[in-house]
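**Q** Contents of work.cif (mmCIF, C-alpha atoms) are given next:
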data_run
loop_
_atom_site.label_atom_id
_atom_site.label_comp_id
_atom_site.auth_asym_id
_atom_site.auth_seq_id
_atom_site.Cartn_x
_atom_site.Cartn_y
_atom_site.Cartn_z
CA MET A 13 -4.80 0.39 -2.96
CA GLN A 14 -7.60 1.69 -0.94
CA ALA A 15 -8.69 0.44 2.46
CA ALA A 16 -12.30 -0.49 3.01
CA ALA A 17 -14.05 1.19 5.92
CA VAL A 18 -13.64 -0.84 9.09
CA ASP A 19 -16.85 -1.81 10.85
CA PRO A 20 -16.42 -1.25 14.62
CA ALA A 21 -17.78 -4.75 15.12
CA GLU A 22 -14.91 -6.18 13.01
CA GLU A 23 -12.21 -4.24 14.82
CA PRO A 24 -9.90 -6.76 16.55
CA PRO A 25 -9.44 -6.45 20.35
CA SER A 26 -6.60 -4.10 21.31
CA MET A 27 -4.84 -6.81 23.35
CA LEU A 28 -4.28 -8.75 20.10
CA TRP A 29 -2.90 -5.94 17.95
CA GLY A 30 0.68 -6.91 18.78
CA LEU A 31 0.17 -10.17 16.87
CA ASP A 32 0.26 -8.15 13.65
CA PRO A 33 3.90 -7.39 12.72
CA ILE A 34 2.80 -4.25 10.86
CA PHE A 35 1.67 -2.75 14.19
CA SER A 36 5.26 -2.40 15.46
CA ALA A 37 6.69 -1.21 12.12
CA PHE A 38 6.67 2.13 10.34
CA ALA A 39 4.07 1.44 7.64
CA ARG A 40 5.04 2.79 4.21
CA LEU A 41 1.56 3.84 3.17
CA PHE A 42 0.55 6.34 0.52
CA VAL A 43 -0.60 9.69 1.93
CA ARG A 44 -4.06 9.15 0.44
CA ASP A 45 -4.50 5.99 2.51
CA ILE A 46 -3.14 7.64 5.65
CA LEU A 47 -5.76 10.37 5.31
CA GLN A 48 -8.55 7.83 4.72
CA MET A 49 -7.68 5.32 7.47
CA THR A 50 -10.40 4.62 10.04
CA GLU A 51 -9.56 5.55 13.63
CA SER A 52 -9.97 2.92 16.34
CA THR A 53 -13.02 3.14 18.58
CA GLN A 54 -11.01 1.49 21.39
CA VAL A 55 -7.80 3.51 21.48
CA PRO A 56 -7.57 7.04 20.00
CA GLY A 57 -4.49 7.50 17.82
CA ILE A 58 -4.61 3.96 16.39
CA TYR A 59 -5.87 3.58 12.83
CA PHE A 60 -6.85 0.65 10.64
CA TYR A 61 -5.95 -0.22 7.07
CA ASN A 62 -7.60 -3.52 6.06
CA LEU A 63 -7.85 -4.39 9.78
CA HIS A 64 -4.10 -3.81 10.24
CA PRO A 65 -3.61 -1.64 13.35
CA ILE A 66 -1.31 1.26 12.45
CA TYR A 67 -0.04 4.17 14.50
CA LYS A 68 3.27 5.13 12.88
CA VAL A 69 4.13 5.62 9.22
CA ASP A 70 7.04 6.28 6.88
CA VAL A 71 6.52 8.84 4.10
CA LEU A 72 8.70 10.17 1.27
CA GLY A 73 7.48 13.25 -0.57
CA THR A 74 8.01 16.79 -1.75
CA VAL A 75 7.59 19.84 0.48
CA VAL A 76 4.72 21.91 -0.93
CA TYR A 77 4.29 24.36 1.96
CA LYS A 78 6.14 25.24 5.18
CA ARG A 79 5.70 27.15 8.42
CA GLU A 80 8.31 27.73 11.12
CA ARG A 81 7.88 28.38 14.82
CA ASP A 82 10.39 28.67 17.65
CA ASP A 83 10.13 24.98 18.53
CA PHE A 84 9.11 23.23 15.32
CA PHE A 85 8.79 23.22 11.55
CA CYS A 86 5.47 22.43 9.87
CA TYR A 87 5.84 20.94 6.38
CA GLY A 88 3.18 19.93 3.88
CA VAL A 89 4.44 16.72 2.25
CA ASP A 90 3.07 15.55 -1.12
CA ASP A 91 3.86 12.00 -2.30
CA GLY A 92 1.75 12.24 -5.46
CA THR A 93 -1.40 10.76 -3.91
CA GLY A 94 -2.17 13.50 -1.41
CA VAL A 95 -0.74 16.11 0.95
CA ILE A 96 -0.31 15.59 4.70
CA ASN A 97 0.82 17.98 7.40
CA CYS A 98 4.06 16.94 9.17
CA LEU A 99 5.00 18.50 12.52
CA CYS A 100 8.80 18.35 12.91
CA TRP A 101 10.22 19.38 16.30
CA LYS A 102 13.57 21.13 16.46
CA SER A 103 16.34 19.44 18.45
CA ASN A 104 18.29 21.32 21.14
CA LEU A 105 21.40 21.25 18.94
CA LEU A 106 19.41 22.80 16.11
CA LYS A 107 18.05 25.55 18.37
CA GLU A 108 21.55 26.39 19.61
CA ALA A 109 22.87 26.50 16.06
CA GLU A 110 20.12 28.99 15.18
CA ASP A 111 20.62 31.16 18.31
CA PRO A 112 24.05 32.85 18.38
CA ASN A 113 23.50 33.91 22.03
CA LYS A 114 23.37 30.24 23.09
CA SER A 115 26.18 28.95 20.92
CA GLY A 116 29.64 28.69 22.44
CA THR A 117 31.83 31.76 21.98
CA LYS A 118 34.86 30.66 23.98
CA LYS A 119 37.90 30.23 21.77
CA HIS A 120 40.17 27.23 22.18
CA SER A 121 43.69 27.00 20.91
CA ASP A 122 44.30 24.26 18.38
CA ALA A 123 47.59 23.55 20.15
CA ASP A 124 45.76 22.68 23.40
CA HIS A 125 43.95 19.81 21.63
CA GLY A 126 46.61 18.68 19.22
CA GLY A 127 45.01 20.48 16.27
CA PHE A 128 41.46 19.25 17.04
CA ASP A 129 38.90 21.81 18.19
CA PRO A 130 35.77 20.02 19.58
CA VAL A 131 33.79 23.26 19.78
CA ALA A 132 34.40 23.99 16.10
CA GLU A 133 33.50 20.42 15.16
CA LEU A 134 30.25 20.61 17.16
CA LYS A 135 29.46 23.85 15.42
CA LYS A 136 30.00 22.19 12.03
CA LEU A 137 27.75 19.32 13.11
CA GLY A 138 25.04 21.77 14.14
CA GLN A 139 25.30 23.57 10.81
CA ALA A 140 25.09 20.28 8.91
CA GLN A 141 22.02 19.26 10.91
CA LEU A 142 20.46 22.67 10.36
CA LYS A 143 20.98 22.28 6.62
CA ARG A 144 19.37 18.81 6.59
CA CYS A 145 16.41 19.76 8.77
CA ARG A 146 15.56 23.17 7.33
CA LEU A 147 13.81 22.42 4.05
CA GLU A 148 12.49 24.66 1.32
CA ILE A 149 9.48 24.22 -0.94
CA GLY A 150 10.24 21.74 -3.72
CA GLU A 151 12.81 19.73 -1.76
CA LEU A 152 12.45 16.03 -1.00
CA VAL A 153 11.90 14.96 2.62
CA ARG A 154 11.50 11.66 4.42
CA VAL A 155 9.33 11.66 7.55
CA ARG A 156 8.73 8.89 10.08
CA GLY A 157 6.48 9.13 13.09
CA PRO A 158 3.07 8.47 14.66
CA VAL A 159 -0.16 9.63 13.05
CA LYS A 160 -2.34 12.06 14.99
CA THR A 161 -5.63 13.84 14.40
CA SER A 162 -5.56 17.49 15.47
CA ARG A 163 -8.55 19.80 14.91
CA GLN A 164 -10.11 17.16 12.63
CA GLN A 165 -6.98 17.16 10.48
CA ARG A 166 -4.75 14.10 10.04
CA GLU A 167 -1.02 14.81 10.50
CA ILE A 168 2.30 13.11 11.26
CA MET A 169 4.20 13.94 14.46
CA ALA A 170 7.69 13.36 13.11
CA SER A 171 10.09 11.40 15.28
CA THR A 172 12.66 11.45 12.45
CA TYR A 173 12.82 13.71 9.42
CA TYR A 174 15.55 14.79 7.03
CA LYS A 175 16.18 16.23 3.59
CA VAL A 176 16.83 13.63 0.90
CA ASP A 177 19.35 14.42 -1.82
CA ASP A 178 18.12 12.66 -4.95
CA PRO A 179 19.47 14.47 -8.04
CA VAL A 180 18.76 11.61 -10.48
CA MET A 181 15.54 10.45 -8.71
CA ALA A 182 17.02 7.04 -7.93
CA ILE A 183 15.65 7.04 -4.38
CA GLN A 184 12.16 8.08 -5.51
CA ILE A 185 12.07 5.43 -8.25
CA ALA A 186 13.18 2.73 -5.80
CA TRP A 187 10.52 3.91 -3.34
CA MET A 188 7.76 3.85 -6.00
CA MET A 189 8.73 0.30 -6.93
CA GLU A 190 8.96 -0.98 -3.36
CA VAL A 191 5.78 0.47 -1.85
CA PRO A 192 3.32 -1.19 -4.31
CA GLN A 193 5.04 -4.51 -3.54
CA LEU A 194 4.47 -3.94 0.18
CA TYR A 195 0.82 -3.26 -0.53
CA ARG A 196 0.40 -6.45 -2.55
CA GLN A 197 2.29 -8.66 -0.12
CA PHE A 198 1.15 -7.23 3.23
CA TYR A 199 -1.08 -4.16 3.50
CA ASP A 200 -3.82 -5.23 1.07
CA LYS A 201 -4.18 -8.63 2.77
CA ARG A 202 -6.65 -8.27 5.61
CA PHE A 203 -5.34 -9.14 9.06
CA GLN A 204 -7.41 -11.88 10.68
CA ILE A 205 -7.42 -13.23 14.23
CA ASN A 206 -9.33 -16.25 15.44
CA ALA A 207 -11.26 -16.43 18.70
CA ALA A 208 -8.33 -18.05 20.50
CA GLY A 209 -6.23 -14.97 19.85
CA TYR A 210 -3.79 -16.36 17.34
CA SER A 211 -3.18 -14.97 13.87
CA ALA A 212 -4.93 -17.38 11.54
CA GLU A 213 -6.36 -17.56 8.07
CA SER A 214 -9.58 -19.31 7.25
CA SER A 215 -9.30 -22.32 4.97
CA ILE A 216 -10.77 -20.20 2.16
CA ASN A 217 -8.06 -17.56 2.49
CA LYS A 218 -5.39 -20.24 2.71
CA ALA A 219 -6.79 -21.87 -0.41
CA ALA A 220 -6.88 -18.53 -2.25
CA ASN A 221 -3.24 -17.86 -1.34
CA ILE A 222 -2.20 -21.35 -2.44
CA ILE A 223 -3.80 -20.93 -5.86
CA GLN A 224 -2.47 -17.38 -6.32
CA ASP A 225 1.07 -18.50 -5.43
CA PHE A 226 0.78 -21.39 -7.90
CA LEU A 227 -0.46 -19.11 -10.70
CA LYS A 228 2.32 -16.62 -10.03
CA GLN A 229 5.17 -19.14 -9.76
CA LYS A 230 4.15 -21.13 -12.84
CA LEU A 231 3.15 -18.03 -14.87
CA VAL A 232 -0.18 -19.68 -15.68
CA THR A 233 -2.20 -17.85 -18.34
CA LYS A 234 -5.40 -19.92 -18.14
CA PHE A 235 -6.64 -23.00 -16.35
CA ARG A 236 -9.62 -25.16 -15.57
CA PRO A 237 -10.79 -25.99 -12.03
CA TYR A 238 -9.49 -29.56 -12.12
CA ASP A 239 -5.99 -28.19 -12.90
CA VAL A 240 -5.72 -26.65 -9.42
CA GLN A 241 -8.09 -28.82 -7.40
CA ASP A 242 -5.39 -31.15 -6.07
CA LEU A 243 -3.51 -28.17 -4.60
CA LEU A 244 -6.29 -27.75 -2.04
CA GLN A 245 -6.46 -31.40 -0.97
CA PRO A 246 -4.24 -30.85 2.15
CA LEU A 247 -6.81 -28.34 3.46
CA ILE A 248 -9.55 -30.98 3.60
CA PRO A 249 -9.14 -32.96 6.85
CA SER A 250 -9.72 -36.67 6.74
CA ARG A 251 -12.19 -38.27 9.14
CA HIS A 252 -9.33 -39.46 11.37
CA GLN A 253 -7.74 -35.98 11.43
CA ALA A 254 -11.08 -34.34 12.25
CA GLN A 255 -11.63 -36.70 15.16
CA SER A 256 -8.11 -36.19 16.56
CA ALA A 257 -8.58 -32.42 16.35
CA GLU A 258 -12.02 -32.75 17.97
CA GLN A 259 -13.66 -31.28 14.88
CA GLU A 260 -16.98 -32.39 13.50
CA PRO A 261 -16.96 -33.19 9.78
CA VAL A 262 -19.35 -31.24 7.62
CA ALA A 263 -22.64 -33.07 7.81
CA GLY A 264 -23.68 -34.84 4.60
CA LEU A 265 -20.52 -33.87 2.65
CA SER A 266 -17.80 -36.29 1.66
CA GLY A 267 -14.18 -35.20 1.36
CA CYS A 268 -14.55 -34.87 -2.42
CA GLN A 269 -17.65 -32.73 -2.04
CA GLN A 270 -15.93 -30.50 0.52
CA LEU A 271 -13.01 -30.06 -1.87
CA SER A 272 -15.31 -29.11 -4.75
CA GLN A 273 -17.21 -26.66 -2.55
CA LEU A 274 -13.98 -25.06 -1.30
CA LEU A 275 -12.64 -24.72 -4.84
CA LYS A 276 -15.89 -23.14 -6.02
CA GLU A 277 -15.82 -20.54 -3.22
CA VAL A 278 -12.14 -19.76 -3.80
CA LEU A 279 -12.60 -19.24 -7.54
CA GLN A 280 -15.49 -16.90 -6.81
CA ILE A 281 -13.30 -14.88 -4.43
CA LEU A 282 -10.51 -14.67 -7.01
CA GLN A 283 -13.02 -13.45 -9.58
CA ASN A 284 -14.37 -10.83 -7.16
CA GLU A 285 -10.80 -9.59 -6.58
CA GLY A 286 -10.09 -9.51 -10.32
CA VAL A 287 -7.25 -12.04 -10.12
CA VAL A 288 -8.99 -14.32 -12.64
CA TYR A 289 -11.97 -14.01 -14.97
CA ARG A 290 -13.87 -16.12 -17.49
CA LYS A 291 -13.49 -14.66 -20.94
CA VAL A 292 -16.37 -16.75 -22.26
CA LYS A 293 -18.96 -18.34 -20.00
CA SER A 294 -19.67 -21.82 -21.31
CA GLN A 295 -19.78 -25.40 -20.12
CA ASP A 296 -16.02 -25.50 -20.57
CA GLU A 297 -15.16 -23.68 -17.35
CA MET A 298 -11.98 -21.87 -18.44
CA TYR A 299 -10.43 -19.16 -16.25
CA HIS A 300 -7.94 -16.58 -17.53
CA VAL A 301 -5.30 -15.09 -15.20
CA THR A 302 -5.73 -11.33 -15.47
CA THR A 303 -2.09 -10.26 -15.13
CA GLN A 304 -0.97 -12.88 -17.69
CA ASP A 305 -3.58 -12.07 -20.33
CA LYS A 306 -1.50 -10.17 -22.91
CA ASP A 307 -4.47 -9.71 -25.23
CA LEU A 308 -6.43 -7.97 -22.47
CA PHE A 309 -3.50 -5.64 -21.77
CA ILE A 310 -3.22 -4.77 -25.46
CA ALA A 311 -6.96 -4.12 -25.69
CA VAL A 312 -6.93 -1.79 -22.66
CA LYS A 313 -3.89 0.13 -23.94
CA ASP A 314 -5.42 0.53 -27.40
CA ILE A 315 -8.69 1.83 -25.95
CA ILE A 316 -6.93 4.41 -23.76
CA ARG A 317 -4.57 5.45 -26.57
CA GLU A 318 -7.35 5.89 -29.12
CA ASP A 319 -9.91 7.56 -26.86
CA SER A 320 -7.35 9.89 -25.27
CA LYS A 321 -7.02 11.56 -28.67
CA ARG A 322 -10.71 12.49 -28.67
CA GLU A 323 -11.48 16.03 -27.58
CA LYS A 324 -13.79 14.79 -24.83
CA TYR A 325 -10.98 12.89 -23.07
CA ALA A 326 -7.90 14.81 -24.22
CA GLU A 327 -7.52 16.92 -21.08
CA LYS A 328 -8.64 14.73 -18.18
CA GLY A 329 -8.25 11.26 -19.69
CA CYS A 330 -10.58 8.26 -19.85
CA HIS A 331 -12.60 7.35 -16.77
CA VAL A 332 -12.30 3.77 -15.56
CA LEU A 333 -16.01 3.11 -16.20
CA HIS A 334 -15.65 4.32 -19.81
CA ILE A 335 -12.66 2.00 -20.27
CA LEU A 336 -14.61 -0.89 -18.71
CA SER A 337 -17.55 -0.35 -21.06
CA ALA A 338 -15.24 -0.25 -24.08
CA VAL A 339 -13.37 -3.40 -22.99
CA ARG A 340 -16.65 -5.27 -22.59
CA GLN A 341 -17.76 -4.20 -26.05
CA ARG A 342 -14.51 -4.96 -27.86
CA TYR A 343 -12.93 -7.80 -25.88
CA SER A 344 -15.11 -9.68 -23.37
CA LEU A 345 -18.41 -9.04 -21.63
CA ASN A 346 -17.15 -10.82 -18.53
CA VAL A 347 -14.23 -8.52 -17.60
CA SER A 348 -14.99 -7.19 -14.11
CA LYS A 349 -14.13 -3.77 -12.78
CA ALA A 350 -11.73 -5.37 -10.28
CA ALA A 351 -9.88 -7.16 -13.11
CA LEU A 352 -9.68 -3.94 -15.13
CA GLU A 353 -8.33 -2.00 -12.14
CA LEU A 354 -5.63 -4.66 -11.72
CA VAL A 355 -4.66 -4.25 -15.38
CA LEU A 356 -4.61 -0.45 -15.05
CA LYS A 357 -2.36 -0.61 -11.97
CA THR A 358 0.06 -2.92 -13.79
CA LEU A 359 0.13 -0.69 -16.88
CA GLU A 360 0.73 2.36 -14.68
CA CYS A 361 3.60 0.61 -12.86
CA ASP A 362 5.10 -0.23 -16.27
CA SER A 363 4.72 3.45 -17.34
CA ASP A 364 2.46 2.55 -20.27
CA ILE A 365 -0.27 4.84 -18.93
CA ILE A 366 -0.58 7.50 -16.25
CA SER A 367 -3.48 8.52 -14.02
CA THR A 368 -4.33 12.20 -14.48
CA SER A 369 -6.71 12.20 -11.51
CA ASP A 370 -8.62 9.70 -9.47
CA SER A 371 -9.97 6.99 -11.86
CA HIS A 372 -8.87 8.82 -15.05
CA TYR A 373 -6.09 7.56 -17.34
CA ILE A 374 -4.25 8.64 -20.47
CA ALA A 375 -1.66 6.82 -22.61
CA ILE A 376 1.96 7.95 -22.62
#
The structure given in the file should be rewritten as structure tokens.
**A**
Amino acid sequence: MQAAAVDPAEEPPSMLWGLDPIFSAFARLFVRDILQMTESTQVPGIYFYNLHPIYKVDVLGTVVYKRERDDFFCYGVDDGTGVINCLCWKSNLLKEAEDPNKSGTKKHSDADHGGFDPVAELKKLGQAQLKRCRLEIGELVRVRGPVKTSRQQREIMASTYYKVDDPVMAIQIAWMMEVPQLYRQFYDKRFQINAAGYSAESSINKAANIIQDFLKQKLVTKFRPYDVQDLLQPLIPSRHQAQSAEQEPVAGLSGCQQLSQLLKEVLQILQNEGVVYRKVKSQDEMYHVTTQDKDLFIAVKDIIREDSKREKYAEKGCHVLHILSAVRQRYSLNVSKAALELVLKTLECDSDIISTSDSHYIAI
């Protein structure tokens, strides 16, 4: 879950950013990705994650440091991937609750209001808000607001912030399960816009999504190219369709050849992303689905469990490149780093392993 650096030449025009639904939403990104996002060269204060334009985020984390001024609180929020500075402005009600000289001192008789004292109730409301907005180190906070860069430091200008009561960690667990899903379904898929200004996927990306959806829905463990080839047939326009759409057919290629070429390119993309891999390269072109390969998962877990006991890796854990080398020696020479990283993420989500630092893992 790491965004690639955005080339200024690839940056979509600012007038088209509104076509991306993520642009108008509070993006639930990890702090690490917020700190590493590339700032727009067109509009300061807009950042890009996989070409998604982002300017406001939603973060849940633990307060690790705090500063207080007359008008604002400054909290350091740690979500487990990094620490970001959050500037939280005090509301007028909060300031009045803190300043006894500004708070109302006039006494009202309960009889005048039928037993209801609005001043007392407002005071209780101010005290409740003060309690929710004044956080201590170690407490859980949720912050939403735009991202800014001040003095070369990335920070969040909170529009909403409050203390989260989570005694049994139910909210944090739900958050940690939901955010990776958002990454897989939205954030990690690059936002693309065609020249006409409409959100569109190339036929290769459409084909890749079709095959991935098929593999996921049918829980496919392994397949051959001809097993999925027919799924891509609707993406190959017939001669009549190409003429009606004023498109020129690919010179020298029949519909069958175009289909084979598209399938070949898609399978290469899926291999590059680690979604599939060929355990054995032979004339029998068999592809294994990474997340459904139980033997691969067992091999990775065994390597981490065994090597974590060695003195060399006991403290920091096994580096991903060490694990990759061991997997290639013991299981398959053709396992890519991308496929291994996908396995490691799944094992970490299932609490079979934990990452001790960036790219280091130990078994639980």
**Q** So what does the PyMOL selection byres ((chain A and resi 300) around 7) actually pick up in this one, as a tab-separated table (two decimals) with C-alpha atoms, keeping the file's coordinate frame?
**A**
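Once written, result-v2.tsv looks like this:
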chain	number	residue	atom	x	y	z
A	233	THR	CA	-2.20	-17.85	-18.34
A	234	LYS	CA	-5.40	-19.92	-18.14
A	235	PHE	CA	-6.64	-23.00	-16.35
A	288	VAL	CA	-8.99	-14.32	-12.64
A	289	TYR	CA	-11.97	-14.01	-14.97
A	290	ARG	CA	-13.87	-16.12	-17.49
A	291	LYS	CA	-13.49	-14.66	-20.94
A	298	MET	CA	-11.98	-21.87	-18.44
A	299	TYR	CA	-10.43	-19.16	-16.25
A	301	VAL	CA	-5.30	-15.09	-15.20
A	302	THR	CA	-5.73	-11.33	-15.47
A	305	ASP	CA	-3.58	-12.07	-20.33
**Q** With the PyMOL selection byres ((chain A and resi 67) around 12) as the selection, what would be picked from this file? Answer as a PyMOL selection string, please.
**A** chain A and resi 29-30+34-41+46+49-52+55-61+64-66+68-70+156-161+166-169
**Q** I need the residue set behind the PyMOL selection byres ((chain A and resi 150) around 6) for this file; please write it as a PyMOL selection string.
**A** chain A and resi 74-75+149+151
**Q** Take the residues from that selection and put them in a file with C-alpha atoms, as an mmCIF file, in the coordinates of the input.
**A**
data_model
loop_
_atom_site.group_PDB
_atom_site.id
_atom_site.type_symbol
_atom_site.label_atom_id
_atom_site.label_comp_id
_atom_site.auth_asym_id
_atom_site.auth_seq_id
_atom_site.Cartn_x
_atom_site.Cartn_y
_atom_site.Cartn_z
ATOM 1 C CA THR A 74 8.010 16.790 -1.750
ATOM 2 C CA VAL A 75 7.590 19.840 0.480
ATOM 3 C CA ILE A 149 9.480 24.220 -0.940
ATOM 4 C CA GLU A 151 12.810 19.730 -1.760
#
**Q** Give me the residues near Tyr173 in chain A as an MDAnalysis selection string, where near means some atom within 9 Å (using all atoms listed in the file) and where sequence neighbours in that chain fewer than 5 positions away do not count.
**A** chainID A and resid 100 144:145 153:157
**Q** Between A:His372, A:Arg236, A:Asp225, A:Cys361, which is the closest to Ile185 in chain A once you count only C-alpha atoms?
**A** A:Cys361
**Q** Between CA of Val180 in chain A and CA of Ser363 in chain A, measure the distance and give it in Å to one decimal.
**A**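 Atom-to-atom, CA of Val180 in chain A to CA of Ser363 in chain A, that is 17.6 Å.
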**Q** Which value, in Å to one decimal, gives the distance between CA of Ala182 in chain A and CA of Asn97 in chain A?
**A** 24.8 Å
**Q** Which residues, written as an NGL selection string, have at least one atom at most 9 Å from Leu274 in chain A, with all atoms listed in the file counted and residues fewer than 4 positions away on the same chain left out?
**A** :A and (215-216 or 219 or 244 or 248 or 269-270 or 278-279)
**Q** For CA of Val71 in chain A and CA of Ala186 in chain A, quote the distance in Å rounded to one decimal.
**A**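 The value is 13.4 Å.
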**Q** Please provide as a tab-separated table (two decimals) with C-alpha atoms, in the frame of the given file all residues within 10 Å of Arg81 in chain A, with the sequence filter that same-chain residues fewer than 5 positions apart are discarded (counting all atoms listed in the file).
**A**
chain	number	residue	atom	x	y	z
A	86	CYS	CA	5.47	22.43	9.87
A	101	TRP	CA	10.22	19.38	16.30
A	102	LYS	CA	13.57	21.13	16.46
